[in-house]
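A short write-up of the structure that comes next.
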Amino acid sequence: MADIKERSKSTFNRQADTYDEDIHGQHARTLYPVLLHKLAHIPFQRALDLGCGTGEMMKMLLQSDDQRELYGIDLSEKMLSVAENKLSGKVQLVLGDSEHLPFADNFFDVVYCNDSFHHYPAPENVIREVQRVLKPGGTFLIGDCWQPLVGRTIMNFYMRHSKEGDVKIYSKEEMVSLLSECFHDISWEQVGHTACVSMGIK
C-alpha cells in the first residue's frame, strides 16, 4: 500500500506544474462541470476536496460563493503548492492521506472527490474516514474514471503493474456496494464514455 501511495505522490509531483493544461489533467477537467452542477443543488457551507490536486475545483466553487469554508487534502506537495499559489490563503490546504483525515468528527457538510478514488489502495478505509468527518445528512460525491466490462477488465489487469499509483476502475455494482457500507440513498450515473459520478448520504 505504501508503495502505491508513493507512486501516486511521485506521479502527481511530476505533473503538478502543467496538470491544469495538459493531457494528464484532461479527464479530471471533463468532470469539473458535472460535479459543480451536482454541488450547486446541495446546500453546504463547509466542504472537503479529497485529493484536491491543483485546487481548481475549489477555485470554481469560490467563484460562485466566496463565503464558503473550503478545505483540500492531497498527498502531493507540488500539487498543493500550485493550489496555494492559485488560491492565496482563501482555503485550508493539508498535506495528508485520505485514509487518515486530520479533521474532527461531523465537521463537513460535503466531501467530494474528483478523479482520485481509483488511486486509493484501501477504499474502504477512505470511505469510513469520509463518513466520520461528515455531518449527519452530509453528502459524499465522487467523480471518477469508468469503463464498460471489457475495457475495465483490460485496464484493471494493467493497473496491477502501474507505475503511476493507479489501483482499480470500479463497476457500478462495486461502487454502490462500497458506498453502501457507510451511506444511504446511493446514486450512480455514467458520464460520457469514460467517467461516472457516485453519491451517498450519511
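Ordering of the C-alpha cells sets the chain letters (A, B, ...), residue numbers begin anew at 1 in every chain, and ligands are numbered from 1 in the order given.
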
Legend entry - Polymer residues at most 12 Å from A:Leu39, only C-alpha atoms, same-chain spacing of 3 or more positions, as a PyMOL selection string: chain A and resi 32-36+42-47+49+57-58+60-61+64-65+109-113+138-143+197+199

Just-selected residues, C-alpha atoms written as a PDB file, in the first residue's frame:
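Generated file (part_23.pdb):
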```pdb
ATOM      1  CA  TYR A  32     -15.454  19.667 -13.160  1.00  0.00           C
ATOM      2  CA  PRO A  33     -18.762  20.926 -14.659  1.00  0.00           C
ATOM      3  CA  VAL A  34     -20.544  17.690 -13.757  1.00  0.00           C
ATOM      4  CA  LEU A  35     -19.520  17.871 -10.082  1.00  0.00           C
ATOM      5  CA  LEU A  36     -20.137  21.618  -9.929  1.00  0.00           C
ATOM      6  CA  ILE A  42     -26.594  20.650  -2.390  1.00  0.00           C
ATOM      7  CA  PRO A  43     -26.783  23.316   0.329  1.00  0.00           C
ATOM      8  CA  PHE A  44     -23.412  23.471   2.103  1.00  0.00           C
ATOM      9  CA  GLN A  45     -21.089  25.847   3.874  1.00  0.00           C
ATOM     10  CA  ARG A  46     -18.041  23.699   4.713  1.00  0.00           C
ATOM     11  CA  ALA A  47     -16.613  21.202   2.222  1.00  0.00           C
ATOM     12  CA  ASP A  49     -11.912  18.344  -1.523  1.00  0.00           C
ATOM     13  CA  MET A  57     -12.478  22.751  -8.160  1.00  0.00           C
ATOM     14  CA  MET A  58     -12.173  24.865  -5.023  1.00  0.00           C
ATOM     15  CA  MET A  60     -14.566  27.357  -9.152  1.00  0.00           C
ATOM     16  CA  LEU A  61     -16.668  26.832  -6.028  1.00  0.00           C
ATOM     17  CA  SER A  64     -19.914  31.002  -7.174  1.00  0.00           C
ATOM     18  CA  ASP A  65     -19.833  31.694  -3.393  1.00  0.00           C
ATOM     19  CA  ASP A 109     -21.396  19.320   5.058  1.00  0.00           C
ATOM     20  CA  VAL A 110     -19.927  17.856   1.865  1.00  0.00           C
ATOM     21  CA  VAL A 111     -16.884  15.790   0.918  1.00  0.00           C
ATOM     22  CA  TYR A 112     -16.177  15.483  -2.787  1.00  0.00           C
ATOM     23  CA  CYS A 113     -13.507  13.539  -4.646  1.00  0.00           C
ATOM     24  CA  GLY A 138     -23.885  15.208   4.736  1.00  0.00           C
ATOM     25  CA  THR A 139     -23.050  14.195   1.168  1.00  0.00           C
ATOM     26  CA  PHE A 140     -20.126  12.252  -0.287  1.00  0.00           C
ATOM     27  CA  LEU A 141     -19.741  12.937  -4.016  1.00  0.00           C
ATOM     28  CA  ILE A 142     -17.267  11.040  -6.235  1.00  0.00           C
ATOM     29  CA  GLY A 143     -16.357  11.660  -9.860  1.00  0.00           C
ATOM     30  CA  VAL A 197     -20.432  10.047 -10.698  1.00  0.00           C
ATOM     31  CA  MET A 199     -23.120   9.925  -4.404  1.00  0.00           C
TER      32      MET A 199
END
```

Inset, instruction - Would you kindly return, as a PyMOL selection string, each protein, DNA or RNA residue with an atom no farther than 6 Å from any atom of A:Phe107, considering only C-alpha atoms and excluding same-chain residues fewer than 3 positions away? - result: chain A and resi 104+133-135

Next, dump the selected residues to file, keeping only C-alpha atoms, as a short mmCIF file (atom, residue, chain, number, x, y, z; two decimals), in the first residue's frame.
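Final output, saved to selection21.cif:
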```cif
data_model
loop_
_atom_site.label_atom_id
_atom_site.label_comp_id
_atom_site.auth_asym_id
_atom_site.auth_seq_id
_atom_site.Cartn_x
_atom_site.Cartn_y
_atom_site.Cartn_z
CA ALA A 104 -12.93 16.31 13.72
CA VAL A 133 -15.89 13.64 9.18
CA LEU A 134 -19.25 14.27 7.51
CA LYS A 135 -22.13 15.72 9.47
#
```

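Shortest atom-to-atom contact with A:Pro121 among A:Arg152, A:His37, A:Arg7, A:His184: A:Arg7, counting only C-alpha atoms.
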
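When atom CA of A:Gly55 is paired with atom CA of A:Arg160, their separation reads 28.4 Å.
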
Legend entry - Contacts of A:Thr18 within 12 Å, only C-alpha atoms, excl. fewer than 4 positions in-chain, as a list of chain:residue names: A:Phe12, A:Asn13, A:Arg14, A:Asp22, A:Ile23, A:His24, A:Gly25, A:Gln26, A:Gly53, A:Thr54, A:Lys78, A:Met79, A:Val82

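Here atom CA of A:Val94 is placed at a distance of 26.1 Å from atom CA of A:Ser162.
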
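Among the candidate residues A:Val126, A:Ala83, A:Leu48, A:Met155, the one lying nearest to A:Phe103 is A:Leu48, with distances computed using only C-alpha atoms.
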
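Atom CA of A:Gln92 to atom CA of A:Gly72 spans 6.3 Å [interatomic distance, one decimal].
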
Inset, instruction - Write down as number ranges by chain the residues belonging to chain A that are assigned strand (DSSP E) by DSSP computed on the backbone. - result: A: 46-50, 69-74, 92-95, 108-114, 134-145, 184-191, 195-201

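Ranking A:Ser88, A:Asn114, A:Ser98, A:Gln67 by their shortest atom-to-atom distance to A:Lys5, with only C-alpha atoms included, puts A:Ser98 first.
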